[in-house]
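Have a look at my_file_37.csv; it's CSV, C-alpha atoms:
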chain,number,residue,atom,x,y,z
S,1,MET,CA,0.0,0.0,0.0
S,2,THR,CA,1.4,3.4,-1.0
S,3,ALA,CA,1.4,6.5,1.2
S,4,LYS,CA,-1.1,8.1,-1.2
S,5,GLN,CA,-3.5,5.2,-0.7
S,6,VAL,CA,-3.2,5.5,3.0
S,7,GLU,CA,-3.9,9.2,2.8
S,8,GLU,CA,-7.0,8.5,0.7
S,9,MET,CA,-8.2,5.9,3.2
S,10,THR,CA,-7.7,8.1,6.3
S,11,GLY,CA,-9.2,11.1,4.7
S,12,GLN,CA,-6.7,13.3,6.5
S,13,ARG,CA,-4.6,14.4,3.5
S,14,ARG,CA,-4.3,18.0,4.8
S,15,ALA,CA,-3.9,17.3,8.5
S,16,LEU,CA,-1.4,14.4,8.2
S,17,LEU,CA,1.7,13.9,6.1
S,18,VAL,CA,2.2,10.3,5.0
S,19,VAL,CA,5.3,9.2,3.1
S,20,ASN,CA,7.1,6.0,2.2
S,21,HIS,CA,10.6,7.0,3.0
S,22,VAL,CA,12.2,9.3,5.6
S,23,CYS,CA,13.9,11.2,2.8
S,24,ASP,CA,10.5,12.1,1.4
S,25,LEU,CA,10.0,14.4,4.3
S,26,ARG,CA,12.4,16.9,2.8
S,27,SER,CA,9.9,17.8,0.0
S,28,ALA,CA,7.5,18.9,2.8
S,29,HIS,CA,10.2,21.2,4.2
S,30,TYR,CA,11.1,19.0,7.2
S,31,ARG,CA,14.7,19.7,8.2
S,32,ARG,CA,14.9,18.5,11.8
S,33,ILE,CA,12.9,15.6,13.2
S,34,ALA,CA,12.5,13.3,16.2
S,35,LEU,CA,11.6,9.8,15.1
S,36,ALA,CA,9.7,7.0,16.8
S,37,ILE,CA,10.3,3.6,15.2
S,38,GLY,CA,8.2,0.4,15.5
S,39,VAL,CA,5.5,-1.7,13.9
S,40,PHE,CA,2.9,-0.1,16.2
S,41,ASP,CA,0.2,-2.7,15.5
S,42,GLY,CA,-2.7,-1.7,17.7
S,43,VAL,CA,-1.1,1.6,18.8
S,44,HIS,CA,-1.6,0.3,22.3
S,45,ARG,CA,-0.8,1.9,25.7
S,46,GLY,CA,2.9,0.9,25.4
S,47,HIS,CA,3.0,2.6,22.0
S,48,GLN,CA,1.1,5.6,23.4
S,49,LYS,CA,3.8,5.9,26.1
S,50,LEU,CA,6.5,5.8,23.4
S,51,LEU,CA,4.6,8.5,21.4
S,52,GLN,CA,4.4,10.7,24.5
S,53,THR,CA,8.1,10.4,24.9
S,54,LEU,CA,8.5,11.3,21.2
S,55,ALA,CA,6.4,14.5,21.8
S,56,GLU,CA,8.6,15.5,24.7
S,57,LEU,CA,11.8,14.8,22.8
S,58,ALA,CA,10.6,16.8,19.8
S,59,ALA,CA,9.6,19.7,22.1
S,60,ALA,CA,13.0,19.6,23.9
S,61,THR,CA,15.0,19.5,20.6
S,62,GLY,CA,13.0,21.9,18.5
S,63,ALA,CA,12.2,19.0,16.1
S,64,LYS,CA,9.0,17.7,14.4
S,65,PRO,CA,7.6,14.4,15.8
S,66,VAL,CA,7.6,11.7,13.2
S,67,ALA,CA,6.5,8.0,13.5
S,68,LEU,CA,8.0,5.3,11.3
S,69,THR,CA,6.0,2.1,10.9
S,70,PHE,CA,6.8,-1.0,8.8
S,71,HIS,CA,4.4,-2.6,6.4
S,72,PRO,CA,3.8,-5.5,5.9
S,73,HIS,CA,4.5,-6.8,9.4
S,74,PRO,CA,8.1,-8.0,9.4
S,75,ARG,CA,7.0,-11.5,10.7
S,76,ALA,CA,4.8,-11.9,7.6
S,77,LEU,CA,8.0,-11.8,5.5
S,78,LEU,CA,10.5,-13.5,7.9
S,79,LYS,CA,8.1,-16.3,9.1
S,80,PRO,CA,5.2,-16.5,6.6
S,81,GLN,CA,3.9,-19.6,8.4
S,82,GLU,CA,3.5,-17.5,11.6
S,83,LYS,CA,2.1,-14.4,9.8
S,84,PRO,CA,0.2,-12.5,12.5
S,85,LEU,CA,-3.4,-11.4,12.1
S,86,LEU,CA,-3.2,-7.7,12.9
S,87,LEU,CA,-5.1,-5.6,15.4
S,88,LEU,CA,-5.5,-2.7,13.0
S,89,PRO,CA,-5.6,-2.1,9.2
S,90,LEU,CA,-2.7,0.1,8.1
S,91,ALA,CA,-4.8,3.2,7.4
S,92,ASN,CA,-6.3,3.1,11.0
S,93,ARG,CA,-2.8,2.5,12.4
S,94,VAL,CA,-1.6,5.7,10.7
S,95,GLU,CA,-4.7,7.6,11.9
S,96,LEU,CA,-4.0,6.6,15.5
S,97,LEU,CA,-0.3,7.4,15.3
S,98,HIS,CA,-1.4,10.9,14.2
S,99,GLN,CA,-4.0,11.1,17.0
S,100,TYR,CA,-1.3,10.3,19.6
S,101,GLY,CA,1.1,13.0,18.4
S,102,ALA,CA,2.9,12.1,15.2
S,103,GLN,CA,2.9,15.1,12.9
S,104,ALA,CA,4.0,12.8,10.0
S,105,VAL,CA,4.1,9.1,9.4
S,106,VAL,CA,6.6,7.2,7.4
S,107,VAL,CA,5.2,3.9,6.1
S,108,LYS,CA,8.3,1.9,5.3
S,109,LYS,CA,8.0,-1.1,3.1
S,110,PHE,CA,9.5,-4.1,4.9
S,111,ASP,CA,10.9,-6.3,2.1
S,112,GLN,CA,13.6,-9.0,1.6
S,113,GLU,CA,16.3,-6.4,0.9
S,114,LEU,CA,15.7,-4.6,4.2
S,115,ALA,CA,15.4,-7.9,6.1
S,116,THR,CA,18.9,-9.0,5.0
S,117,LEU,CA,20.7,-5.9,6.0
S,118,SER,CA,23.1,-6.0,8.9
S,119,PRO,CA,22.1,-3.9,11.9
S,120,GLN,CA,24.5,-1.1,11.0
S,121,ALA,CA,23.3,-1.1,7.4
S,122,PHE,CA,19.7,-1.3,8.5
S,123,LEU,CA,20.1,1.9,10.5
S,124,ASP,CA,22.0,3.6,7.7
S,125,ALA,CA,19.1,2.8,5.3
S,126,LEU,CA,16.6,4.4,7.7
S,127,LEU,CA,18.6,7.2,9.2
S,128,SER,CA,21.4,8.5,6.9
S,129,ILE,CA,19.4,11.2,5.1
S,130,PRO,CA,21.3,14.2,3.6
S,131,GLU,CA,19.7,17.5,4.3
S,132,LEU,CA,17.6,16.1,7.1
S,133,GLU,CA,18.8,16.3,10.7
S,134,ILE,CA,17.7,13.6,13.2
S,135,ALA,CA,17.6,15.2,16.6
S,136,GLY,CA,16.5,12.0,18.5
S,137,ILE,CA,15.0,8.6,18.3
S,138,CYS,CA,12.5,6.8,20.5
S,139,VAL,CA,12.1,3.0,20.4
S,140,GLY,CA,10.9,0.3,22.7
S,141,SER,CA,13.7,-0.9,24.9
S,142,ALA,CA,13.2,-4.5,23.6
S,143,TRP,CA,13.3,-3.5,19.9
S,144,ARG,CA,15.5,-5.7,17.7
S,145,PHE,CA,16.5,-4.8,14.1
S,146,GLY,CA,18.7,-5.9,11.3
S,147,HIS,CA,19.4,-9.4,9.9
S,148,GLY,CA,18.4,-12.1,12.4
S,149,GLY,CA,17.4,-9.4,15.0
S,150,GLY,CA,21.1,-8.8,15.7
S,151,GLY,CA,20.7,-5.1,16.6
S,152,ASP,CA,19.5,-3.9,20.0
S,153,CYS,CA,19.3,-0.7,22.1
S,154,ARG,CA,23.0,-1.1,23.1
S,155,LEU,CA,24.1,-1.1,19.5
S,156,LEU,CA,21.6,1.8,18.7
S,157,ALA,CA,23.1,3.8,21.7
S,158,GLY,CA,26.5,3.6,20.1
S,159,TYR,CA,25.1,4.6,16.7
S,160,ALA,CA,23.3,7.6,18.3
S,161,ALA,CA,26.5,8.7,20.2
S,162,GLU,CA,28.6,8.7,17.0
S,163,ARG,CA,26.0,10.8,15.2
S,164,ARG,CA,25.2,13.0,18.1
S,165,PHE,CA,21.5,12.5,18.4
S,166,ARG,CA,19.5,11.6,21.5
S,167,LEU,CA,18.2,8.1,22.1
S,168,GLU,CA,15.2,7.5,24.3
S,169,PRO,CA,14.6,3.8,24.9
S,170,VAL,CA,11.1,3.4,26.4
S,171,PRO,CA,10.7,0.4,28.9
S,172,GLU,CA,7.9,-2.1,28.3
S,173,LEU,CA,4.6,-1.3,30.1
S,174,ALA,CA,3.0,-3.9,32.3
S,175,ILE,CA,-0.6,-4.0,33.5
S,176,ASP,CA,-1.5,-6.4,36.3
S,177,GLY,CA,1.7,-8.2,35.7
S,178,GLU,CA,1.1,-8.7,32.0
S,179,ILE,CA,3.4,-7.0,29.4
S,180,VAL,CA,1.4,-4.7,27.1
S,181,SER,CA,2.3,-6.0,23.6
S,182,SER,CA,0.5,-6.6,20.3
S,183,SER,CA,1.0,-10.3,20.7
S,184,ASN,CA,-0.6,-10.4,24.2
S,185,ILE,CA,-3.5,-8.3,22.9
S,186,ARG,CA,-4.1,-10.7,20.0
S,187,ARG,CA,-4.1,-13.6,22.5
S,188,ALA,CA,-6.7,-11.8,24.6
S,189,VAL,CA,-8.9,-11.0,21.7
S,190,ALA,CA,-8.7,-14.6,20.3
S,191,ALA,CA,-9.8,-15.8,23.7
S,192,GLY,CA,-12.6,-13.3,24.0
S,193,ARG,CA,-11.0,-11.5,26.9
S,194,PHE,CA,-12.2,-8.0,26.0
S,195,SER,CA,-11.5,-6.4,29.3
S,196,ALA,CA,-7.9,-7.4,29.2
S,197,ALA,CA,-7.6,-6.3,25.6
S,198,ALA,CA,-9.2,-2.9,26.3
S,199,ALA,CA,-6.9,-2.4,29.3
S,200,MET,CA,-3.9,-2.9,27.1
S,201,LEU,CA,-5.2,-0.9,24.2
S,202,GLY,CA,-6.5,2.0,26.3
S,203,ARG,CA,-9.8,1.7,24.4
S,204,PRO,CA,-12.4,-1.0,23.5
S,205,PHE,CA,-11.2,-3.5,20.9
S,206,SER,CA,-12.6,-2.6,17.5
S,207,LEU,CA,-13.1,-4.3,14.1
S,208,TYR,CA,-12.6,-2.2,11.0
S,209,GLY,CA,-13.8,-2.8,7.5
S,210,LYS,CA,-15.9,-1.8,4.6
S,211,VAL,CA,-19.5,-2.8,4.3
S,212,GLU,CA,-20.1,-5.1,1.4
S,213,HIS,CA,-23.2,-6.7,-0.1
S,214,GLY,CA,-24.3,-9.9,1.5
S,215,HIS,CA,-27.1,-12.4,0.9
S,216,ARG,CA,-29.9,-10.1,2.2
S,217,LEU,CA,-31.3,-12.9,4.3
S,218,ALA,CA,-31.4,-11.0,7.6
S,219,GLY,CA,-33.4,-8.1,6.2
S,220,THR,CA,-36.0,-10.2,4.4
S,221,ALA,CA,-36.4,-13.2,6.7
S,222,LEU,CA,-35.6,-11.6,10.1
S,223,ASP,CA,-36.6,-7.9,9.7
S,224,HIS,CA,-33.2,-7.1,11.1
S,225,PRO,CA,-30.9,-6.0,8.2
S,226,THR,CA,-27.2,-6.5,8.7
S,227,ALA,CA,-24.1,-4.8,7.3
S,228,ASN,CA,-21.6,-7.4,6.2
S,229,LEU,CA,-18.2,-6.1,7.3
S,230,ALA,CA,-15.3,-7.1,5.1
S,231,VAL,CA,-12.6,-7.8,7.7
S,232,THR,CA,-9.3,-8.9,6.2
S,233,ASP,CA,-6.0,-9.9,7.8
S,234,THR,CA,-7.1,-8.8,11.2
S,235,ILE,CA,-7.7,-10.8,14.4
S,236,LEU,CA,-11.3,-11.9,15.2
S,237,PRO,CA,-12.6,-13.0,18.5
S,238,PRO,CA,-14.4,-16.4,18.9
S,239,ASP,CA,-17.6,-17.0,17.0
S,240,GLY,CA,-20.7,-15.7,18.7
S,241,VAL,CA,-23.0,-12.7,19.2
S,242,TYR,CA,-21.7,-9.5,20.7
S,243,ALA,CA,-22.9,-6.2,22.1
S,244,ALA,CA,-21.2,-3.5,20.2
S,245,ARG,CA,-21.1,0.2,19.4
S,246,VAL,CA,-20.7,1.9,16.0
S,247,ASN,CA,-19.7,5.5,15.4
S,248,LEU,CA,-21.3,7.1,12.4
S,249,GLU,CA,-21.6,10.7,11.1
S,250,GLU,CA,-25.1,10.7,12.4
S,251,GLY,CA,-24.0,9.7,15.9
S,252,CYS,CA,-23.1,6.7,18.1
S,253,PHE,CA,-25.4,3.7,17.8
S,254,PRO,CA,-25.7,0.4,19.7
S,255,ALA,CA,-25.2,-2.7,17.5
S,256,ALA,CA,-25.5,-6.4,17.5
S,257,VAL,CA,-22.6,-8.3,15.9
S,258,ASN,CA,-22.6,-11.9,14.8
S,259,ILE,CA,-19.3,-13.5,14.0
S,260,GLY,CA,-19.4,-16.9,12.5
S,261,VAL,CA,-21.0,-18.8,9.6
S,262,ALA,CA,-24.7,-18.1,10.2
S,263,PRO,CA,-25.6,-21.8,10.4
S,264,THR,CA,-29.4,-21.2,10.4
S,265,PHE,CA,-29.2,-20.1,6.8
S,266,ARG,CA,-26.0,-21.9,5.5
S,267,TYR,CA,-25.8,-25.6,5.4
S,268,THR,CA,-22.5,-26.1,3.8
S,269,ALA,CA,-19.0,-25.0,4.8
S,270,SER,CA,-18.8,-21.3,4.8
S,271,PRO,CA,-16.1,-18.7,5.6
S,272,ARG,CA,-16.4,-16.8,8.8
S,273,ARG,CA,-18.4,-13.6,8.4
S,274,VAL,CA,-18.9,-10.4,10.5
S,275,GLU,CA,-22.5,-9.2,10.4
S,276,VAL,CA,-23.4,-5.9,12.1
S,277,HIS,CA,-27.0,-4.9,12.8
S,278,VAL,CA,-26.9,-1.2,13.8
S,279,LEU,CA,-29.8,-0.5,16.1
S,280,ASP,CA,-32.0,2.6,15.5
S,281,PHE,CA,-30.3,3.4,12.2
S,282,HIS,CA,-32.1,3.4,8.9
S,283,GLY,CA,-29.7,4.8,6.4
S,284,ASN,CA,-27.6,3.1,3.7
S,285,LEU,CA,-24.2,1.7,4.9
S,286,TYR,CA,-23.1,0.0,1.7
S,287,ASP,CA,-19.4,0.8,0.9
S,288,ALA,CA,-19.1,2.7,4.2
S,289,SER,CA,-16.0,2.1,6.3
S,290,LEU,CA,-17.0,1.2,9.8
S,291,GLN,CA,-15.3,1.0,13.2
S,292,VAL,CA,-17.2,-1.5,15.4
S,293,GLU,CA,-16.3,-1.4,19.1
S,294,LEU,CA,-16.9,-4.9,20.6
S,295,LEU,CA,-18.1,-4.4,24.2
S,296,GLN,CA,-19.4,-7.7,25.5
S,297,TYR,CA,-19.9,-11.4,24.5
S,298,LEU,CA,-23.6,-12.3,24.7
S,299,ARG,CA,-23.9,-15.9,23.5
S,300,GLU,CA,-22.6,-18.6,21.2
S,301,GLU,CA,-23.7,-18.8,17.6
S,302,ARG,CA,-26.4,-21.4,17.2
S,303,CYS,CA,-28.3,-23.1,14.5
S,304,PHE,CA,-32.0,-22.5,15.0
S,305,ILE,CA,-34.8,-24.8,13.8
S,306,SER,CA,-36.5,-22.0,11.9
S,307,PRO,CA,-36.0,-18.3,11.0
S,308,GLU,CA,-38.9,-17.5,13.4
S,309,GLU,CA,-37.0,-19.0,16.3
S,310,LEU,CA,-33.9,-17.0,15.4
S,311,LYS,CA,-35.9,-13.9,15.0
S,312,LYS,CA,-37.3,-14.4,18.6
S,313,GLN,CA,-33.7,-14.8,19.9
S,314,ILE,CA,-32.5,-11.7,18.1
S,315,GLY,CA,-35.3,-9.8,19.9
S,316,SER,CA,-33.9,-11.0,23.2
S,317,ASP,CA,-30.3,-10.2,22.1
S,318,ILE,CA,-31.3,-6.6,21.3
S,319,LYS,CA,-32.8,-6.1,24.7
S,320,ALA,CA,-29.6,-7.4,26.3
S,321,ILE,CA,-27.5,-5.1,24.1
S,322,ARG,CA,-29.5,-2.1,25.1
S,323,ARG,CA,-29.0,-3.0,28.8
S,324,THR,CA,-25.3,-3.3,28.2
S,325,ILE,CA,-25.0,0.1,26.5
S,326,GLU,CA,-27.1,1.7,29.2
S,327,ILE,CA,-24.7,0.3,31.9
S,328,ARG,CA,-21.7,1.8,30.1

Conversion result in structure tokens:
Amino acid sequence: MTAKQVEEMTGQRRALLVVNHVCDLRSAHYRRIALAIGVFDGVHRGHQKLLQTLAELAAATGAKPVALTFHPHPRALLKPQEKPLLLLPLANRVELLHQYGAQAVVVKKFDQELATLSPQAFLDALLSIPELEIAGICVGSAWRFGHGGGGDCRLLAGYAAERRFRLEPVPELAIDGEIVSSSNIRRAVAAGRFSAAAAMLGRPFSLYGKVEHGHRLAGTALDHPTANLAVTDTILPPDGVYAARVNLEEGCFPAAVNIGVAPTFRYTASPRRVEVHVLDFHGNLYDASLQVELLQYLREERCFISPEELKKQIGSDIKAIRRTIEIR
């Protein structure tokens, strides 16, 4: 995905500068920057702490705060068999990096050439930019880089000293004895532990996607039309029915979310789907990009003996969802 595509998806072309290389910042008249480096999947509370350190470093050095993120996820290239399902699509990651203080975001393509560089060459490829002064760098204290993960903060400190820029390694954040990390949040989501995921993210876990056309069964047979959310390459919680919340231009609406294969209507093997019924909303959502906050697991997905039985259950689900939203 190019920087231009990310800009178009975020809709923040004027407010946020998105480029593919650090050197591209020069064309936007950046001359002195402070740089935060990481994958930043989830932009969780540990990342937020790092971005706060970046803002302080930028203010102290008279530099502009810039975040550098890698795409695709390095592990998708280095260990394809262990390719992680992400917490956020790239465009939303960029949006949150901006929200938490980055004035510009560099979306650096992680490819085979970058992966094979030695730690020193890796840093040179990222940071040796003529006519652009790097005042300081913020990274997580456990960050590893270069071929085989051979580079660490100790090596980076020597590199920073030679080039006379400040290095701010940010220690890992722990909540209730658990390290805040993208991997731990993925595990929490996959297990349906939304409270733990929200504590680490600093916000409710959300699904992001574009509304696509479905089979129109829920609207015709159940009187509860659903928006079929196209969710790709991101982590999903266990199958089931969830209380949720959807933010639209018209306001914030409660929603029922079904994740699974809709067994009442599908009798053959079917891929998992995310179906969102937005309560109290009567507009057209086709092709809209939604953020769906998952608040609470309600029940397992079941195969009902008839659409009428399912319709009755949906009525009960909606009452439970309204109670959940009122409590919050």

Please identify every residue of range 49-106 of chain S that has at least one atom no farther than 10 Å from an atom of range 225-248 of chain S, counting all atoms listed in the file, and for each give the shortest atom pair and the distance in Å to one decimal, arranged by chain then increasing number, as CSV.
residue,atom,partner,partner_atom,distance
S:Lys83,CA,S:Asp233,CA,9.5
S:Pro84,CA,S:Asp233,CA,8.2
S:Leu85,CA,S:Thr234,CA,4.6
S:Leu86,CA,S:Thr234,CA,4.4
S:Leu87,CA,S:Thr234,CA,5.6
S:Leu88,CA,S:Thr234,CA,6.6
S:Pro89,CA,S:Thr234,CA,7.2

Using all atoms listed in the file: which of S:Ala125, S:Ala190, S:Ala198, S:Ala67 has the shortest distance to His98 in chain S: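 Among the listed residues, the smallest separation from His98 in chain S belongs to S:Ala67.
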
Between CA of Lys108 in chain S and CA of His71 in chain S, what is the spacing in Å?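 CA of His71 in chain S sits 6.1 Å away from CA of Lys108 in chain S.
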
Rank S:Ala142, S:Val211, S:Ile318, S:Ala197 by their smallest atom-to-atom distance to Pro254 in chain S, using only C-alpha atoms, and report the top residue only.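 Smallest distance to Pro254 in chain S is found for S:Ile318.
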
Surrounding residues of range 157-168 of chain S excluding itself and chain neighbours under 6 positions, 6 Å, all atoms listed in the file, as a list in words: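 Once the adjacent positions are removed, what remains is Ala135, Gly136, Ile137 and Cys138 of chain S.
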
One decimal, Å: what's the distance from CA of Gln103 in chain S over to CA of Trp143 in chain S, could you say?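 Atom-to-atom, CA of Gln103 in chain S to CA of Trp143 in chain S, that is 22.4 Å.
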
In Å, rounded to a single decimal, give me how far CA of Val43 in chain S is from CA of Asp24 in chain S.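 Atom-to-atom, CA of Asp24 in chain S and CA of Val43 in chain S are spaced 23.4 Å apart.
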
Between S:Gln81, S:Ser206, S:Ser118, S:Ser27, which one has atoms that come closest to Leu132 in chain S, using only C-alpha atoms?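 With only C-alpha atoms as the atom set, the closest residue is S:Ser27.
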